[in-house]
Amino acid sequence: MKQLISGDIRMKIAIAGKKAATENYVRYVASAGMEPSVTLNPGELTGCDALILPGGGDITPAFFGERNRASHNIDTELDVLQFQALDLFLRSRKPILGICKGMQLINVGLGGTVIQDLPTAGLHKYNDGDQYHATVIEKNSWLYSLYGDKATVNSAHHQSIGKPGRGLQVIQYCPEDLCPEAFAHESLPILGVQWHPERLDPGTTTLSGEAVLCFFASLTGRQCQRET
């Protein structure tokens, strides 16, 4: 297992979601030697070093100026609390990682839009398990430094980001339909992936989801190292 070196204090990662729906993310963070904190409480969020916005249902379309045409599993109260968490970490300029819905939340929070139902949703949506498909990664990006120019990733979504939000640059996409699969902010420590590094199947892809988490942790100035 990898452990984060930070003296005697473990790095604390906020997971902005509900405990019953974030068990995979808790295991993901804990497996890298960091302390997960599942919370939507602003007072608890401020004590964390970085924020993960996890996957889940669809965002209420009113937040990106549209009527509901194809969104489902909506939880507007949760959306509000997650947008508040995003705003808190944006203002403090602490690292933020959005996964699946979390990537879309970041995009909307920065003025972008969401495609409510992809014409090619069959390539991506959950169907008795995650869908695995090829992606292309832009050179000179944080993902390229981890995986090179191609990667097989897992998808479980029928929506995607539409217009990118302010300062966001798409750095990974599906070559079959050009669906954005990851982005980075041009100046802030903000990352997003449309896929699920917290639950990659090692029998289907050679990608290490831990690599994403450790790169994210490095944005705080700390590094992951293998225990000796």
# chains A, B, ... in the order shown; residues from 1 in each chain; ligands from 1
$ closest_atom_pairs --of "stretch 54-132 of chain A" --to "stretch 150-174 of chain A" --cutoff "6 Å" --atoms "only C-alpha atoms" --output "JSON lines"
{"residue": "A:Gln104", "atom": "CA", "partner": "A:Ile161", "partner_atom": "CA", "distance": 5.7}
{"residue": "A:Asn107", "atom": "CA", "partner": "A:Gly165", "partner_atom": "CA", "distance": 4.9}
{"residue": "A:Leu110", "atom": "CA", "partner": "A:Gly165", "partner_atom": "CA", "distance": 4.6}
{"residue": "A:Gly111", "atom": "CA", "partner": "A:Gly165", "partner_atom": "CA", "distance": 4.8}
{"residue": "A:Gly112", "atom": "CA", "partner": "A:Gly165", "partner_atom": "CA", "distance": 3.8}
{"residue": "A:Thr113", "atom": "CA", "partner": "A:Gly162", "partner_atom": "CA", "distance": 4.9}
{"residue": "A:Val114", "atom": "CA", "partner": "A:Ile161", "partner_atom": "CA", "distance": 4.4}
{"residue": "A:Ile115", "atom": "CA", "partner": "A:Gly162", "partner_atom": "CA", "distance": 5.3}
{"residue": "A:Gln116", "atom": "CA", "partner": "A:Gln159", "partner_atom": "CA", "distance": 5.2}
{"residue": "A:Asp117", "atom": "CA", "partner": "A:Gln159", "partner_atom": "CA", "distance": 5.0}
{"residue": "A:Leu118", "atom": "CA", "partner": "A:Gln159", "partner_atom": "CA", "distance": 5.6}
{"residue": "A:Ala121", "atom": "CA", "partner": "A:His158", "partner_atom": "CA", "distance": 4.8}
{"residue": "A:His124", "atom": "CA", "partner": "A:Ser155", "partner_atom": "CA", "distance": 5.0}
{"residue": "A:Lys125", "atom": "CA", "partner": "A:His157", "partner_atom": "CA", "distance": 4.3}
{"residue": "A:Tyr126", "atom": "CA", "partner": "A:Ala156", "partner_atom": "CA", "distance": 4.2}
{"residue": "A:Asp130", "atom": "CA", "partner": "A:Ala156", "partner_atom": "CA", "distance": 5.3}
{"residue": "A:Gln131", "atom": "CA", "partner": "A:Ser155", "partner_atom": "CA", "distance": 5.0}
{"residue": "A:Tyr132", "atom": "CA", "partner": "A:Asn154", "partner_atom": "CA", "distance": 4.4}
$ select_by_dssp --residues "stretch 9-200 of chain A" --states "strand (DSSP E)" --output "PyMOL selection string"
chain A and resi 12-15+35-38+50-53+96-99+114-115+131-137+150-155+160-161+168-173+180-185+190-193
$ residues_around --residues "A:Pro95" --least-positions-apart "3" --cutoff "6 Å" --atoms "only C-alpha atoms" --output "VMD selection string"
chain A and resid 50 189 to 190
$ closest_residue --among "A:Pro54, A:Gly109, A:Gly47, A:Pro202" --to "A:Val29" --atoms "only C-alpha atoms"
A:Pro54
$ residues_around --residues "A:Leu53" --least-positions-apart "6" --cutoff "7 Å" --atoms "only C-alpha atoms" --output "VMD selection string"
chain A and resid 15 to 16 97 to 99 102
$ write_last_selection --atoms "N, CA, C and O atoms" --output "PDB file, in the first residue's frame"
ATOM      1  N   ILE A  15     -14.874  14.026   1.053  1.00  0.00           N
ATOM      2  CA  ILE A  15     -15.697  13.408   0.010  1.00  0.00           C
ATOM      3  C   ILE A  15     -17.097  13.984   0.184  1.00  0.00           C
ATOM      4  O   ILE A  15     -17.795  13.675   1.153  1.00  0.00           O
ATOM      5  N   ALA A  16     -17.501  14.851  -0.735  1.00  0.00           N
ATOM      6  CA  ALA A  16     -18.756  15.588  -0.587  1.00  0.00           C
ATOM      7  C   ALA A  16     -19.912  14.744  -1.101  1.00  0.00           C
ATOM      8  O   ALA A  16     -20.300  14.823  -2.273  1.00  0.00           O
ATOM      9  N   LEU A  97     -10.999  17.265  -7.046  1.00  0.00           N
ATOM     10  CA  LEU A  97     -11.095  16.192  -8.037  1.00  0.00           C
ATOM     11  C   LEU A  97     -12.552  15.820  -8.215  1.00  0.00           C
ATOM     12  O   LEU A  97     -13.226  15.432  -7.253  1.00  0.00           O
ATOM     13  N   GLY A  98     -13.068  15.947  -9.443  1.00  0.00           N
ATOM     14  CA  GLY A  98     -14.424  15.534  -9.751  1.00  0.00           C
ATOM     15  C   GLY A  98     -14.420  14.215 -10.499  1.00  0.00           C
ATOM     16  O   GLY A  98     -13.668  14.043 -11.455  1.00  0.00           O
ATOM     17  N   ILE A  99     -15.246  13.275 -10.040  1.00  0.00           N
ATOM     18  CA  ILE A  99     -15.347  11.956 -10.659  1.00  0.00           C
ATOM     19  C   ILE A  99     -16.777  11.764 -11.162  1.00  0.00           C
ATOM     20  O   ILE A  99     -17.731  11.884 -10.394  1.00  0.00           O
ATOM     21  N   GLY A 102     -19.224  14.339 -10.422  1.00  0.00           N
ATOM     22  CA  GLY A 102     -18.386  15.378  -9.842  1.00  0.00           C
ATOM     23  C   GLY A 102     -17.687  16.218 -10.893  1.00  0.00           C
ATOM     24  O   GLY A 102     -17.519  17.432 -10.731  1.00  0.00           O
TER      25      GLY A 102
END
$ closest_residue --among "A:Leu105, A:Ile59, A:Val212, A:Leu90" --to "A:Glu198" --atoms "only C-alpha atoms"
A:Val212
$ decode --residues "stretch 3-35 of chain A" --atoms "N, CA, C and O atoms" --output "mmCIF file, in the first residue's frame"
data_model
loop_
_atom_site.group_PDB
_atom_site.id
_atom_site.type_symbol
_atom_site.label_atom_id
_atom_site.label_comp_id
_atom_site.auth_asym_id
_atom_site.auth_seq_id
_atom_site.Cartn_x
_atom_site.Cartn_y
_atom_site.Cartn_z
ATOM 1 N N GLN A 3 1.534 5.161 1.148
ATOM 2 C CA GLN A 3 1.162 6.016 2.255
ATOM 3 C C GLN A 3 1.663 7.423 2.001
ATOM 4 O O GLN A 3 2.754 7.606 1.475
ATOM 5 N N LEU A 4 0.875 8.418 2.399
ATOM 6 C CA LEU A 4 1.257 9.790 2.166
ATOM 7 C C LEU A 4 2.185 10.234 3.273
ATOM 8 O O LEU A 4 1.874 10.100 4.448
ATOM 9 N N ILE A 5 3.355 10.780 2.889
ATOM 10 C CA ILE A 5 4.328 11.220 3.861
ATOM 11 C C ILE A 5 4.019 12.664 4.248
ATOM 12 O O ILE A 5 4.098 13.569 3.442
ATOM 13 N N SER A 6 3.676 12.886 5.512
ATOM 14 C CA SER A 6 3.327 14.239 5.955
ATOM 15 C C SER A 6 3.579 14.377 7.454
ATOM 16 O O SER A 6 2.743 14.845 8.194
ATOM 17 N N GLY A 7 4.751 13.936 7.916
ATOM 18 C CA GLY A 7 5.014 13.940 9.334
ATOM 19 C C GLY A 7 4.144 12.910 10.012
ATOM 20 O O GLY A 7 4.025 11.787 9.562
ATOM 21 N N ASP A 8 3.508 13.307 11.109
ATOM 22 C CA ASP A 8 2.646 12.387 11.842
ATOM 23 C C ASP A 8 1.177 12.601 11.517
ATOM 24 O O ASP A 8 0.315 11.957 12.092
ATOM 25 N N ILE A 9 0.876 13.536 10.605
ATOM 26 C CA ILE A 9 -0.514 13.876 10.313
ATOM 27 C C ILE A 9 -0.875 13.394 8.916
ATOM 28 O O ILE A 9 -0.230 13.752 7.937
ATOM 29 N N ARG A 10 -1.905 12.568 8.832
ATOM 30 C CA ARG A 10 -2.335 12.096 7.522
ATOM 31 C C ARG A 10 -3.092 13.192 6.784
ATOM 32 O O ARG A 10 -3.804 13.992 7.377
ATOM 33 N N MET A 11 -2.932 13.201 5.475
ATOM 34 C CA MET A 11 -3.681 14.130 4.650
ATOM 35 C C MET A 11 -5.164 13.785 4.732
ATOM 36 O O MET A 11 -5.560 12.627 4.662
ATOM 37 N N LYS A 12 -6.014 14.788 4.874
ATOM 38 C CA LYS A 12 -7.457 14.584 5.026
ATOM 39 C C LYS A 12 -8.175 15.006 3.760
ATOM 40 O O LYS A 12 -8.083 16.154 3.337
ATOM 41 N N ILE A 13 -8.886 14.056 3.157
ATOM 42 C CA ILE A 13 -9.600 14.299 1.909
ATOM 43 C C ILE A 13 -11.097 14.318 2.181
ATOM 44 O O ILE A 13 -11.667 13.344 2.676
ATOM 45 N N ALA A 14 -11.749 15.432 1.860
ATOM 46 C CA ALA A 14 -13.203 15.515 1.972
ATOM 47 C C ALA A 14 -13.853 14.823 0.782
ATOM 48 O O ALA A 14 -13.430 15.007 -0.360
ATOM 49 N N ILE A 15 -14.874 14.026 1.053
ATOM 50 C CA ILE A 15 -15.697 13.408 0.010
ATOM 51 C C ILE A 15 -17.097 13.984 0.184
ATOM 52 O O ILE A 15 -17.795 13.675 1.153
ATOM 53 N N ALA A 16 -17.501 14.851 -0.735
ATOM 54 C CA ALA A 16 -18.756 15.588 -0.587
ATOM 55 C C ALA A 16 -19.912 14.744 -1.101
ATOM 56 O O ALA A 16 -20.300 14.823 -2.273
ATOM 57 N N GLY A 17 -20.461 13.931 -0.219
ATOM 58 C CA GLY A 17 -21.557 13.064 -0.602
ATOM 59 C C GLY A 17 -22.199 12.441 0.622
ATOM 60 O O GLY A 17 -21.916 12.837 1.762
ATOM 61 N N LYS A 18 -23.047 11.466 0.387
ATOM 62 C CA LYS A 18 -23.731 10.756 1.460
ATOM 63 C C LYS A 18 -22.981 9.457 1.757
ATOM 64 O O LYS A 18 -22.509 8.781 0.847
ATOM 65 N N LYS A 19 -22.885 9.119 3.027
ATOM 66 C CA LYS A 19 -22.070 7.971 3.437
ATOM 67 C C LYS A 19 -22.515 6.675 2.770
ATOM 68 O O LYS A 19 -21.680 5.862 2.374
ATOM 69 N N ALA A 20 -23.806 6.489 2.615
ATOM 70 C CA ALA A 20 -24.308 5.241 2.044
ATOM 71 C C ALA A 20 -23.950 5.081 0.576
ATOM 72 O O ALA A 20 -23.972 3.964 0.048
ATOM 73 N N ALA A 21 -23.602 6.184 -0.104
ATOM 74 C CA ALA A 21 -23.331 6.138 -1.547
ATOM 75 C C ALA A 21 -21.866 6.375 -1.884
ATOM 76 O O ALA A 21 -21.520 6.496 -3.064
ATOM 77 N N THR A 22 -21.002 6.418 -0.875
ATOM 78 C CA THR A 22 -19.604 6.780 -1.140
ATOM 79 C C THR A 22 -18.609 5.770 -0.574
ATOM 80 O O THR A 22 -17.437 6.087 -0.386
ATOM 81 N N GLU A 23 -19.048 4.552 -0.327
ATOM 82 C CA GLU A 23 -18.158 3.569 0.290
ATOM 83 C C GLU A 23 -16.943 3.265 -0.590
ATOM 84 O O GLU A 23 -15.824 3.074 -0.087
ATOM 85 N N ASN A 24 -17.135 3.216 -1.918
ATOM 86 C CA ASN A 24 -16.007 2.975 -2.823
ATOM 87 C C ASN A 24 -14.951 4.069 -2.699
ATOM 88 O O ASN A 24 -13.748 3.805 -2.757
ATOM 89 N N TYR A 25 -15.415 5.307 -2.536
ATOM 90 C CA TYR A 25 -14.492 6.445 -2.456
ATOM 91 C C TYR A 25 -13.734 6.437 -1.124
ATOM 92 O O TYR A 25 -12.556 6.792 -1.073
ATOM 93 N N VAL A 26 -14.406 6.037 -0.067
ATOM 94 C CA VAL A 26 -13.744 5.916 1.236
ATOM 95 C C VAL A 26 -12.619 4.890 1.161
ATOM 96 O O VAL A 26 -11.494 5.145 1.614
ATOM 97 N N ARG A 27 -12.906 3.730 0.576
ATOM 98 C CA ARG A 27 -11.866 2.696 0.438
ATOM 99 C C ARG A 27 -10.729 3.185 -0.448
ATOM 100 O O ARG A 27 -9.551 2.921 -0.171
ATOM 101 N N TYR A 28 -11.076 3.893 -1.503
ATOM 102 C CA TYR A 28 -10.094 4.425 -2.457
ATOM 103 C C TYR A 28 -9.104 5.359 -1.761
ATOM 104 O O TYR A 28 -7.881 5.222 -1.900
ATOM 105 N N VAL A 29 -9.629 6.303 -0.991
ATOM 106 C CA VAL A 29 -8.773 7.258 -0.297
ATOM 107 C C VAL A 29 -7.971 6.577 0.806
ATOM 108 O O VAL A 29 -6.764 6.798 0.941
ATOM 109 N N ALA A 30 -8.624 5.718 1.587
ATOM 110 C CA ALA A 30 -7.937 5.057 2.695
ATOM 111 C C ALA A 30 -6.836 4.128 2.206
ATOM 112 O O ALA A 30 -5.805 3.964 2.875
ATOM 113 N N SER A 31 -7.024 3.519 1.028
ATOM 114 C CA SER A 31 -6.029 2.570 0.519
ATOM 115 C C SER A 31 -4.705 3.246 0.194
ATOM 116 O O SER A 31 -3.674 2.580 0.097
ATOM 117 N N ALA A 32 -4.727 4.571 0.015
ATOM 118 C CA ALA A 32 -3.502 5.318 -0.272
ATOM 119 C C ALA A 32 -2.921 5.968 0.978
ATOM 120 O O ALA A 32 -2.056 6.828 0.883
ATOM 121 N N GLY A 33 -3.414 5.567 2.147
ATOM 122 C CA GLY A 33 -2.857 6.069 3.392
ATOM 123 C C GLY A 33 -3.356 7.437 3.787
ATOM 124 O O GLY A 33 -2.782 8.079 4.667
ATOM 125 N N MET A 34 -4.431 7.910 3.153
ATOM 126 C CA MET A 34 -5.007 9.214 3.488
ATOM 127 C C MET A 34 -6.297 9.025 4.280
ATOM 128 O O MET A 34 -6.898 7.962 4.263
ATOM 129 N N GLU A 35 -6.709 10.069 4.955
ATOM 130 C CA GLU A 35 -7.897 10.005 5.798
ATOM 131 C C GLU A 35 -9.117 10.531 5.047
ATOM 132 O O GLU A 35 -9.180 11.720 4.730
#
